[in-house]
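> As input, take model.cif (mmCIF, C-alpha atoms and all ligand atoms):
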```cif
data_work
#
loop_
_atom_site.group_PDB
_atom_site.id
_atom_site.type_symbol
_atom_site.label_atom_id
_atom_site.label_comp_id
_atom_site.auth_asym_id
_atom_site.auth_seq_id
_atom_site.Cartn_x
_atom_site.Cartn_y
_atom_site.Cartn_z
ATOM 1 C CA MET A 26 3.766 8.394 208.176
ATOM 2 C CA ALA A 27 0.086 9.324 207.816
ATOM 3 C CA ARG A 28 -1.269 12.215 209.825
ATOM 4 C CA GLY A 29 -4.104 11.542 212.226
ATOM 5 C CA ARG A 30 -7.137 13.734 212.878
ATOM 6 C CA GLY A 31 -5.455 15.216 215.905
ATOM 7 C CA ASP A 32 -2.487 16.231 213.812
ATOM 8 C CA LEU A 33 -4.718 17.999 211.319
ATOM 9 C CA GLU A 34 -6.677 19.764 214.029
ATOM 10 C CA SER A 35 -3.539 20.861 215.791
ATOM 11 C CA ARG A 36 -2.165 22.016 212.457
ATOM 12 C CA SER A 37 -5.272 24.079 211.812
ATOM 13 C CA HIS A 38 -4.673 25.981 215.039
ATOM 14 C CA GLU A 39 -1.007 26.622 214.487
ATOM 15 C CA VAL A 40 0.083 30.190 213.919
ATOM 16 C CA LEU A 41 1.019 30.703 210.271
ATOM 17 C CA SER A 42 3.439 33.258 208.981
ATOM 18 C CA PRO A 43 2.026 35.883 206.519
ATOM 19 C CA THR A 44 3.838 34.199 203.597
ATOM 20 C CA THR A 45 2.468 30.751 204.459
ATOM 21 C CA SER A 46 -1.045 32.143 204.908
ATOM 22 C CA LEU A 47 -0.910 33.815 201.522
ATOM 23 C CA ARG A 48 0.247 30.578 199.866
ATOM 24 C CA HIS A 49 -2.577 28.625 201.530
ATOM 25 C CA LEU A 50 -5.078 31.239 200.336
ATOM 26 C CA GLN A 51 -3.754 31.003 196.786
ATOM 27 C CA GLU A 52 -3.957 27.197 196.861
ATOM 28 C CA ALA A 53 -7.531 27.347 198.134
ATOM 29 C CA ARG A 54 -8.486 29.803 195.391
ATOM 30 C CA LEU A 55 -6.887 27.589 192.751
ATOM 31 C CA TYR A 56 -8.751 24.570 194.106
ATOM 32 C CA ASN A 57 -11.964 26.581 194.104
ATOM 33 C CA ASN A 58 -11.494 27.553 190.459
ATOM 34 C CA TRP A 59 -10.997 23.941 189.442
ATOM 35 C CA THR A 60 -14.025 22.725 191.347
ATOM 36 C CA GLN A 61 -16.099 25.423 189.731
ATOM 37 C CA ALA A 62 -14.910 24.372 186.315
ATOM 38 C CA ILE A 63 -15.591 20.695 186.966
ATOM 39 C CA HIS A 64 -18.754 20.748 189.082
ATOM 40 C CA GLY A 65 -20.248 24.088 188.141
ATOM 41 C CA SER A 66 -20.523 25.159 191.754
ATOM 42 C CA SER A 67 -18.285 26.532 194.408
ATOM 43 C CA ARG A 68 -17.001 24.034 196.972
ATOM 44 C CA ALA A 69 -14.598 26.284 198.748
ATOM 45 C CA THR A 70 -15.077 29.683 200.212
ATOM 46 C CA SER A 71 -13.694 32.330 197.943
ATOM 47 C CA SER A 72 -14.932 35.669 196.746
ATOM 48 C CA ALA A 73 -13.084 35.325 193.419
ATOM 49 C CA ARG A 74 -15.075 33.230 190.974
ATOM 50 C CA ALA A 75 -13.338 32.207 187.784
ATOM 51 C CA PRO A 76 -15.391 32.249 184.567
ATOM 52 C CA ILE A 77 -16.245 28.818 183.267
ATOM 53 C CA ILE A 78 -17.068 27.684 179.774
ATOM 54 C CA THR A 79 -20.577 26.314 179.512
ATOM 55 C CA ILE A 80 -21.663 24.349 176.462
ATOM 56 C CA PRO A 81 -25.175 25.441 175.480
ATOM 57 C CA HIS A 82 -27.695 22.665 175.128
ATOM 58 C CA GLY A 83 -28.059 21.615 171.521
ATOM 59 C CA ALA A 84 -24.931 23.461 170.323
ATOM 60 C CA SER A 85 -23.767 22.553 166.835
ATOM 61 C CA GLY A 86 -20.658 23.313 164.797
ATOM 62 C CA LYS A 87 -21.962 26.667 163.647
ATOM 63 C CA ASP A 88 -22.612 27.846 167.183
ATOM 64 C CA VAL A 89 -19.980 29.502 169.260
ATOM 65 C CA TRP A 90 -19.426 28.470 172.844
ATOM 66 C CA VAL A 91 -19.080 31.589 174.906
ATOM 67 C CA SER A 92 -17.659 32.056 178.338
ATOM 68 C CA PRO A 93 -19.970 33.951 180.700
ATOM 69 C CA ALA A 94 -18.602 37.015 182.432
ATOM 70 C CA ALA A 95 -16.836 36.485 185.719
ATOM 71 C CA ASP A 96 -19.655 38.072 187.698
ATOM 72 C CA GLN A 97 -22.372 36.121 185.924
ATOM 73 C CA THR A 98 -24.326 33.524 187.861
ATOM 74 C CA LEU A 99 -22.488 30.242 187.536
ATOM 75 C CA ASN A 100 -25.502 28.102 186.798
ATOM 76 C CA GLN A 101 -26.888 30.449 184.171
ATOM 77 C CA THR A 102 -26.759 28.966 180.673
ATOM 78 C CA PRO A 103 -26.047 31.492 177.940
ATOM 79 C CA THR A 104 -28.956 31.747 175.586
ATOM 80 C CA THR A 105 -27.345 33.870 172.914
ATOM 81 C CA THR A 106 -24.294 33.213 170.819
ATOM 82 C CA ALA A 107 -21.710 35.688 169.753
ATOM 83 C CA PRO A 108 -20.846 36.080 166.069
ATOM 84 C CA VAL A 109 -17.499 34.819 164.866
ATOM 85 C CA THR A 110 -14.992 37.624 164.638
ATOM 86 C CA PRO A 111 -12.722 37.196 161.615
ATOM 87 C CA ALA A 112 -9.128 36.690 162.681
ATOM 88 C CA PRO A 113 -6.151 38.081 160.758
ATOM 89 C CA ALA A 114 -5.382 36.046 157.670
ATOM 90 C CA ALA A 115 -2.950 33.201 158.302
ATOM 91 C CA PRO A 116 -1.053 31.307 155.605
ATOM 92 C CA ASN A 117 -2.014 27.677 155.117
ATOM 93 C CA SER A 118 0.408 24.795 154.651
ATOM 94 C CA HIS A 119 1.137 25.915 151.114
ATOM 95 C CA GLY A 120 1.827 29.467 152.269
ATOM 96 C CA GLU A 121 -1.047 30.859 150.244
ATOM 97 C CA GLY A 122 -4.590 31.800 151.015
ATOM 98 C CA THR A 123 -6.183 32.038 154.418
ATOM 99 C CA VAL A 124 -7.455 29.757 157.129
ATOM 100 C CA SER A 125 -11.139 30.254 157.856
ATOM 101 C CA THR A 126 -12.164 30.989 161.421
ATOM 102 C CA GLN A 127 -15.624 29.560 160.852
ATOM 103 C CA LEU A 128 -16.033 26.091 162.316
ATOM 104 C CA PRO A 129 -16.917 23.504 159.674
ATOM 105 C CA SER A 130 -20.484 22.360 159.789
ATOM 106 C CA ASN A 131 -23.251 21.084 157.646
ATOM 107 C CA ASP A 132 -26.754 19.808 158.177
ATOM 108 C CA THR A 133 -25.514 16.472 159.490
ATOM 109 C CA GLY A 134 -22.966 17.995 161.880
ATOM 110 C CA TYR A 135 -19.197 17.920 162.186
ATOM 111 C CA THR A 136 -17.163 15.383 160.220
ATOM 112 C CA THR A 137 -13.475 14.557 160.328
ATOM 113 C CA SER A 138 -13.147 15.394 156.666
ATOM 114 C CA SER A 139 -14.679 18.857 157.085
ATOM 115 C CA GLY A 140 -12.436 19.481 160.111
ATOM 116 C CA TYR A 141 -9.319 18.509 158.164
ATOM 117 C CA LYS A 142 -10.270 20.780 155.273
ATOM 118 C CA TRP A 143 -10.967 23.596 157.710
ATOM 119 C CA LEU A 144 -7.555 23.244 159.354
ATOM 120 C CA ARG A 145 -5.767 22.918 156.014
ATOM 121 C CA GLY A 146 -7.445 25.937 154.458
ATOM 122 C CA GLU A 147 -8.328 26.632 150.858
ATOM 123 C CA GLY A 148 -5.015 27.562 149.304
ATOM 124 C CA GLN A 149 -3.631 27.616 145.827
ATOM 125 C CA GLU A 150 -1.310 24.685 145.196
ATOM 126 C CA VAL A 151 2.206 25.628 144.164
ATOM 127 C CA ASP A 152 3.748 23.858 141.187
ATOM 128 C CA TRP A 153 6.611 22.382 143.232
ATOM 129 C CA ALA A 154 4.401 20.736 145.868
ATOM 130 C CA GLY A 155 4.538 17.381 144.045
ATOM 131 C CA TRP A 156 8.268 16.768 144.362
ATOM 132 C CA VAL A 157 8.738 18.521 147.721
ATOM 133 C CA TRP A 158 6.010 16.424 149.362
ATOM 134 C CA ASN A 159 6.803 13.264 147.426
ATOM 135 C CA ASN A 160 5.946 10.457 149.852
ATOM 136 C CA LEU A 161 9.212 8.645 149.133
ATOM 137 C CA ASN A 162 11.086 11.584 150.658
ATOM 138 C CA ILE A 163 12.321 11.511 154.215
ATOM 139 C CA PRO A 164 10.086 14.073 155.979
ATOM 140 C CA LYS A 165 12.939 16.247 157.290
ATOM 141 C CA HIS A 166 14.272 16.471 153.731
ATOM 142 C CA SER A 167 10.841 17.534 152.485
ATOM 143 C CA PHE A 168 10.717 20.210 155.155
ATOM 144 C CA LEU A 169 14.077 21.653 154.145
ATOM 145 C CA CYS A 170 13.073 21.632 150.460
ATOM 146 C CA TRP A 171 9.852 23.412 151.380
ATOM 147 C CA LEU A 172 11.881 26.130 153.126
ATOM 148 C CA VAL A 173 14.234 26.327 150.168
ATOM 149 C CA MET A 174 11.429 26.775 147.650
ATOM 150 C CA TRP A 175 10.003 29.599 149.743
ATOM 151 C CA ARG A 176 13.550 31.008 150.104
ATOM 152 C CA ARG A 177 13.193 30.868 153.857
ATOM 153 C CA VAL A 178 16.394 29.026 154.736
ATOM 154 C CA GLN A 179 18.525 31.133 157.043
ATOM 155 C CA THR A 180 21.265 31.944 154.612
ATOM 156 C CA LYS A 181 23.576 34.855 155.312
ATOM 157 C CA ASP A 182 21.747 37.275 153.040
ATOM 158 C CA ARG A 183 18.619 36.740 155.152
ATOM 159 C CA LEU A 184 20.586 37.021 158.395
ATOM 160 C CA LYS A 185 21.877 40.375 157.200
ATOM 161 C CA LYS A 186 18.337 41.595 156.555
ATOM 162 C CA MET A 187 17.515 40.608 160.124
ATOM 163 C CA GLN A 188 20.385 42.845 161.343
ATOM 164 C CA ILE A 189 22.444 39.820 162.379
ATOM 165 C CA HIS A 190 26.006 40.779 161.680
ATOM 166 C CA THR A 191 28.015 38.076 160.013
ATOM 167 C CA ASP A 192 30.258 37.743 157.021
ATOM 168 C CA GLU A 193 28.317 37.325 153.791
ATOM 169 C CA LEU A 194 30.492 34.805 152.004
ATOM 170 C CA CYS A 195 29.384 31.278 151.269
ATOM 171 C CA PRO A 196 31.188 29.047 153.802
ATOM 172 C CA LEU A 197 31.556 26.248 151.241
ATOM 173 C CA CYS A 198 33.406 28.158 148.520
ATOM 174 C CA GLU A 199 34.179 31.489 150.256
ATOM 175 C CA GLN A 200 33.827 33.225 146.910
ATOM 176 C CA GLU A 201 30.305 34.611 146.621
ATOM 177 C CA LEU A 202 27.458 35.966 148.696
ATOM 178 C CA GLU A 203 25.561 33.171 150.369
ATOM 179 C CA THR A 204 22.019 33.122 149.028
ATOM 180 C CA CYS A 205 19.526 30.317 148.678
ATOM 181 C CA GLU A 206 20.149 30.068 144.941
ATOM 182 C CA HIS A 207 23.905 30.039 145.423
ATOM 183 C CA ILE A 208 24.206 27.507 148.223
ATOM 184 C CA PHE A 209 21.987 24.901 146.536
ATOM 185 C CA ILE A 210 22.563 25.523 142.834
ATOM 186 C CA THR A 211 25.462 27.706 141.720
ATOM 187 C CA CYS A 212 27.995 27.062 144.476
ATOM 188 C CA PRO A 213 30.927 25.058 143.050
ATOM 189 C CA TYR A 214 30.602 22.546 145.891
ATOM 190 C CA ALA A 215 26.889 21.972 145.225
ATOM 191 C CA SER A 216 27.241 21.864 141.448
ATOM 192 C CA THR A 217 30.130 19.384 141.621
ATOM 193 C CA CYS A 218 28.194 17.076 143.947
ATOM 194 C CA ARG A 219 25.148 17.360 141.699
ATOM 195 C CA LYS A 220 27.181 16.575 138.594
ATOM 196 C CA LEU A 221 28.728 13.479 140.201
ATOM 197 C CA LEU A 222 25.303 12.264 141.253
ATOM 198 C CA GLU A 223 23.770 12.918 137.835
ATOM 199 C CA ASP A 224 26.586 10.976 136.160
ATOM 200 C CA GLN A 225 25.933 8.073 138.501
ATOM 201 C CA ILE A 226 22.195 8.039 137.781
ATOM 202 C CA GLY A 227 22.640 8.732 134.081
ATOM 203 C CA ILE A 228 21.081 12.183 133.929
ATOM 204 C CA ASN A 229 22.296 14.939 131.663
ATOM 205 C CA VAL A 230 20.685 18.230 132.574
ATOM 206 C CA SER A 231 21.915 21.773 133.054
ATOM 207 C CA ILE A 232 20.404 23.501 136.074
ATOM 208 C CA VAL A 233 20.863 27.245 136.554
ATOM 209 C CA ASP A 234 18.392 28.103 139.312
ATOM 210 C CA LEU A 235 15.893 26.639 141.756
ATOM 211 C CA THR A 236 12.907 27.387 139.534
ATOM 212 C CA GLN A 237 14.402 25.445 136.655
ATOM 213 C CA LEU A 238 15.327 22.569 138.969
ATOM 214 C CA SER A 239 11.775 22.469 140.305
ATOM 215 C CA THR A 240 10.241 22.518 136.829
ATOM 216 C CA TRP A 241 12.554 19.765 135.652
ATOM 217 C CA LEU A 242 11.826 17.566 138.681
ATOM 218 C CA GLN A 243 8.099 17.760 137.917
ATOM 219 C CA LYS A 244 8.541 16.501 134.353
ATOM 220 C CA PRO A 245 7.687 12.873 133.605
ATOM 221 C CA CYS A 246 10.659 10.598 133.144
ATOM 222 C CA ASN A 247 10.356 6.913 132.272
ATOM 223 C CA GLY A 248 7.565 6.202 134.713
ATOM 224 C CA ARG A 249 6.270 7.470 138.000
ATOM 225 C CA PHE A 250 8.552 5.383 140.213
ATOM 226 C CA ARG A 251 11.758 6.577 138.536
ATOM 227 C CA ARG A 252 10.631 10.173 138.684
ATOM 228 C CA ARG A 253 9.898 9.888 142.398
ATOM 229 C CA VAL A 254 13.263 8.252 143.066
ATOM 230 C CA ILE A 255 15.000 11.115 141.268
ATOM 231 C CA GLN A 256 12.956 13.659 143.217
ATOM 232 C CA CYS A 257 13.929 11.905 146.442
ATOM 233 C CA THR A 258 17.594 11.915 145.356
ATOM 234 C CA TYR A 259 17.604 15.682 144.816
ATOM 235 C CA ALA A 260 15.874 16.245 148.153
ATOM 236 C CA VAL A 261 18.551 14.174 149.917
ATOM 237 C CA LEU A 262 21.268 16.043 148.039
ATOM 238 C CA MET A 263 19.898 19.419 149.092
ATOM 239 C CA TYR A 264 19.690 18.275 152.690
ATOM 240 C CA ASN A 265 23.288 17.076 152.653
ATOM 241 C CA ILE A 266 24.530 20.274 151.045
ATOM 242 C CA TRP A 267 22.847 22.260 153.794
ATOM 243 C CA LYS A 268 24.375 19.890 156.339
ATOM 244 C CA GLN A 269 27.861 20.497 154.922
ATOM 245 C CA ARG A 270 27.199 24.214 154.917
ATOM 246 C CA ASN A 271 26.386 24.075 158.618
ATOM 247 C CA ALA A 272 29.448 21.932 159.285
ATOM 248 C CA ALA A 273 31.558 24.556 157.527
ATOM 249 C CA VAL A 274 30.057 27.316 159.682
ATOM 250 C CA TRP A 275 30.160 25.583 163.047
ATOM 251 C CA ARG A 276 32.948 23.002 162.780
ATOM 252 C CA LYS A 277 35.073 24.519 160.027
ATOM 253 C CA CYS A 278 35.213 21.274 158.107
ATOM 254 C CA ILE A 279 33.661 20.098 154.845
ATOM 255 C CA ALA A 280 33.339 16.562 153.530
ATOM 256 C CA SER A 281 34.738 15.816 150.096
ATOM 257 C CA HIS A 282 32.431 15.810 147.084
ATOM 258 C CA GLN A 283 32.773 12.072 146.680
ATOM 259 C CA SER A 284 32.032 11.444 150.343
ATOM 260 C CA THR A 285 28.865 13.565 150.168
ATOM 261 C CA VAL A 286 27.682 11.794 147.018
ATOM 262 C CA GLU A 287 28.268 8.391 148.617
ATOM 263 C CA ARG A 288 26.290 9.457 151.654
ATOM 264 C CA VAL A 289 23.441 10.713 149.465
ATOM 265 C CA THR A 290 23.400 7.469 147.486
ATOM 266 C CA LYS A 291 23.289 5.377 150.638
ATOM 267 C CA GLU A 292 20.501 7.459 152.213
ATOM 268 C CA VAL A 293 18.377 7.330 149.071
ATOM 269 C CA TYR A 294 18.898 3.598 148.655
ATOM 270 C CA TRP A 295 17.854 2.654 152.196
ATOM 271 C CA ARG A 296 14.976 5.103 152.213
ATOM 272 C CA ILE A 297 13.510 3.734 148.994
ATOM 273 C CA VAL A 298 14.051 0.141 150.129
ATOM 274 C CA SER A 299 12.176 0.867 153.363
ATOM 275 C CA VAL A 300 9.182 2.465 151.633
ATOM 276 C CA MET A 301 9.245 0.580 148.338
ATOM 277 C CA PRO A 302 5.797 0.832 146.699
ATOM 278 C CA LYS A 303 4.046 -2.467 146.006
ATOM 279 C CA LYS A 304 3.429 -1.882 142.329
ATOM 280 C CA VAL A 305 6.929 -1.447 140.967
ATOM 281 C CA SER A 306 8.013 -3.425 137.930
ATOM 282 C CA CYS A 307 11.100 -5.634 137.978
ATOM 283 C CA THR A 308 12.668 -3.391 135.346
ATOM 284 C CA ASP A 309 12.316 -0.348 137.573
ATOM 285 C CA LYS A 310 13.630 -2.244 140.593
ATOM 286 C CA ASN A 311 16.661 -3.378 138.622
ATOM 287 C CA TRP A 312 17.253 0.191 137.455
ATOM 288 C CA PHE A 313 17.011 1.455 141.041
ATOM 289 C CA VAL A 314 19.488 -1.133 142.338
ATOM 290 C CA SER A 315 21.902 -0.546 139.472
ATOM 291 C CA VAL A 316 22.123 3.239 139.906
ATOM 292 C CA LEU A 317 21.848 3.624 143.678
ATOM 293 C CA SER A 318 23.558 0.645 145.275
HETATM 294 ZN ZN ZN B 1 29.536 28.733 147.534
#
```
Could you render the structure from this file as structure tokens?
Ligand SMILES: [Zn+2]


Amino acid sequence: MARGRGDLESRSHEVLSPTTSLRHLQEARLYNNWTQAIHGSSRATSSARAPIITIPHGASGKDVWVSPAADQTLNQTPTTTAPVTPAPAAPNSHGEGTVSTQLPSNDTGYTTSSGYKWLRGEGQEVDWAGWVWNNLNIPKHSFLCWLVMWRRVQTKDRLKKMQIHTDELCPLCEQELETCEHIFITCPYASTCRKLLEDQIGINVSIVDLTQLSTWLQKPCNGRFRRRVIQCTYAVLMYNIWKQRNAAVWRKCIASHQSTVERVTKEVYWRIVSVMPKKVSCTDKNWFVSVLS
């Protein structure tokens, strides 16, 4: 039911407890801050004035918008700009180089392209970026592979360095120390799954570490489409190995090699079908269907 004027007036004269009065004062101050920010002037009575951000007239990308001090007159427009203070170096998406703190600008003003380059940073491209960020990959698989190539997956050797006490054995084979190289390459479970998959696709290669795997995946092989399908297959395999590793840790169960390979085959097949490039020859399509269906 809506309150009438009389209700409001009678409410304004009611005796408020100290807690209620304090809450009303805080609400009024909050409202005052918002009105200052929106209208540039105070609409409620409050001695506390929040600083607002004023955009100087004619500001461009190379200018810096500064916030006036809290005690500065609200309607005063800053006439000077502060220099950009270099921030600590931050890694870009490739993990190398730094992100500039200088806003992108040129004589014609801000452009989307300059903003994208500014956010991305000027880094050195790593040699495994091509297969990790292959656009046929499922994005979550690419992300895991990216972590793997930087050796940033939370394997037990890393957990130990972080003073997290746990046993150090690989949960898949329970024979060796769990490292990134072991869990994805040298572990008997991973190598058996990889061998079964390679036999199915018709690949004969001996992989001993992640660097060699990465180098091999970047090599040309019977056309761009086939190479990308193989890259996608290895990304799915690595994801499923990590999934089985987590199942072994948390649920104490591991799928059989054959079951994992079948799952990988199915995931690769449906992924490629869903994002099949337009310019793929019939020969390549027949090869894809014959090895992965
Ligand atoms: Zn193992």

> Find the residues near Glu223 in chain A: any atom within 12 Å, counting all atoms listed in the file, skip ones fewer than 4 places away on the same chain, and give them as an mmCIF file with C-alpha atoms, keeping the file's coordinate frame.


```
data_model
loop_
_atom_site.group_PDB
_atom_site.id
_atom_site.type_symbol
_atom_site.label_atom_id
_atom_site.label_comp_id
_atom_site.auth_asym_id
_atom_site.auth_seq_id
_atom_site.Cartn_x
_atom_site.Cartn_y
_atom_site.Cartn_z
ATOM 1 C CA SER A 216 27.241 21.864 141.448
ATOM 2 C CA THR A 217 30.130 19.384 141.621
ATOM 3 C CA CYS A 218 28.194 17.076 143.947
ATOM 4 C CA ARG A 219 25.148 17.360 141.699
ATOM 5 C CA GLY A 227 22.640 8.732 134.081
ATOM 6 C CA ILE A 228 21.081 12.183 133.929
ATOM 7 C CA ASN A 229 22.296 14.939 131.663
ATOM 8 C CA VAL A 230 20.685 18.230 132.574
ATOM 9 C CA SER A 231 21.915 21.773 133.054
ATOM 10 C CA ILE A 232 20.404 23.501 136.074
ATOM 11 C CA ILE A 255 15.000 11.115 141.268
ATOM 12 C CA THR A 258 17.594 11.915 145.356
ATOM 13 C CA TYR A 259 17.604 15.682 144.816
ATOM 14 C CA LEU A 262 21.268 16.043 148.039
ATOM 15 C CA VAL A 286 27.682 11.794 147.018
ATOM 16 C CA VAL A 289 23.441 10.713 149.465
ATOM 17 C CA THR A 290 23.400 7.469 147.486
ATOM 18 C CA VAL A 316 22.123 3.239 139.906
ATOM 19 C CA LEU A 317 21.848 3.624 143.678
#
```

> If you measure from CA of Leu194 in chain A to CA of Arg288 in chain A, what distance in Å do you get, rounded to one decimal?

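According to the coordinates, CA of Leu194 in chain A and CA of Arg288 in chain A are separated by 25.7 Å.
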
> Would you kindly translate the PyMOL selection byres (((not hetatm)) within 7 of (chain B and resi 1)) into the concrete residues it picks from this file, as a PDB file with C-alpha atoms, in the frame of the given file?


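expr.pdb, freshly written:
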```pdb
ATOM      1  CA  CYS A 195      29.384  31.278 151.269  1.00  0.00           C
ATOM      2  CA  PRO A 196      31.188  29.047 153.802  1.00  0.00           C
ATOM      3  CA  LEU A 197      31.556  26.248 151.241  1.00  0.00           C
ATOM      4  CA  CYS A 198      33.406  28.158 148.520  1.00  0.00           C
ATOM      5  CA  GLU A 199      34.179  31.489 150.256  1.00  0.00           C
ATOM      6  CA  GLN A 200      33.827  33.225 146.910  1.00  0.00           C
ATOM      7  CA  GLU A 201      30.305  34.611 146.621  1.00  0.00           C
ATOM      8  CA  GLU A 203      25.561  33.171 150.369  1.00  0.00           C
ATOM      9  CA  HIS A 207      23.905  30.039 145.423  1.00  0.00           C
ATOM     10  CA  ILE A 208      24.206  27.507 148.223  1.00  0.00           C
ATOM     11  CA  CYS A 212      27.995  27.062 144.476  1.00  0.00           C
ATOM     12  CA  PRO A 213      30.927  25.058 143.050  1.00  0.00           C
ATOM     13  CA  TYR A 214      30.602  22.546 145.891  1.00  0.00           C
TER      14      TYR A 214
END
```

> Expressed in Å to a single decimal, how great is the separation between CA of Thr308 in chain A and CA of Gly155 in chain A?

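Rounded to one decimal, the two atoms are 23.9 Å apart.
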
> Rounded to one decimal, what separation in Å do you get between CA of Arg296 in chain A and CA of Asn160 in chain A?

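Between CA of Arg296 in chain A and CA of Asn160 in chain A the gap is 10.8 Å.
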
> Name the residues captured by the PyMOL selection byres (((chain A and resi 239) around 9) and not hetatm) when it is applied to the shown file; answer as a PDB file with C-alpha atoms, keeping the file's coordinate frame.


```pdb
ATOM      1  CA  ASP A 152       3.748  23.858 141.187  1.00  0.00           C
ATOM      2  CA  TRP A 153       6.611  22.382 143.232  1.00  0.00           C
ATOM      3  CA  TRP A 156       8.268  16.768 144.362  1.00  0.00           C
ATOM      4  CA  VAL A 157       8.738  18.521 147.721  1.00  0.00           C
ATOM      5  CA  MET A 174      11.429  26.775 147.650  1.00  0.00           C
ATOM      6  CA  ASP A 234      18.392  28.103 139.312  1.00  0.00           C
ATOM      7  CA  LEU A 235      15.893  26.639 141.756  1.00  0.00           C
ATOM      8  CA  THR A 236      12.907  27.387 139.534  1.00  0.00           C
ATOM      9  CA  GLN A 237      14.402  25.445 136.655  1.00  0.00           C
ATOM     10  CA  LEU A 238      15.327  22.569 138.969  1.00  0.00           C
ATOM     11  CA  THR A 240      10.241  22.518 136.829  1.00  0.00           C
ATOM     12  CA  TRP A 241      12.554  19.765 135.652  1.00  0.00           C
ATOM     13  CA  LEU A 242      11.826  17.566 138.681  1.00  0.00           C
ATOM     14  CA  GLN A 243       8.099  17.760 137.917  1.00  0.00           C
TER      15      GLN A 243
END
```

> Tell me which protein, DNA and RNA residues are within 12 Å of Arg253 in chain A, counting all atoms listed in the file, leaving out same-chain ones fewer than 6 positions away, and put them as a PyMOL selection string.

chain A and resi 155-162+242-247+259-260+293+297+300-302+305+309+313

> Go through A:Ser306, A:Ile226, A:Tyr294, A:Ile210 one by one, measure the shortest atom-to-atom distance of each to Arg249 in chain A using all atoms listed in the file, and give the residue with the smallest value.

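Selected residue with least distance to Arg249 in chain A: A:Ser306.
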
> Choose the residue, out of A:Thr191, A:Asn265, A:Ser284, A:Thr204, that has the smallest atom-to-atom separation from Arg176 in chain A; count all atoms listed in the file.

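For Arg176 in chain A, the nearest of the candidates is A:Thr204.
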
> Check what the PyMOL selection byres (((chain A and resi 175) around 12) and not hetatm) selects in the file above and give those residues as a list of chain:residue names.

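The output of the PyMOL selection byres (((chain A and resi 175) around 12) and not hetatm) on this file is A:Ser118, A:His119, A:Gly120, A:Glu121, A:Val151, A:Trp153, A:Ala154, A:Val157, A:Phe168, A:Leu169, A:Cys170, A:Trp171, A:Leu172, A:Val173, A:Met174, A:Arg176, A:Arg177, A:Val178, A:Gln179, A:Cys205, A:Glu206, A:Leu235, A:Thr236, A:Ser239.
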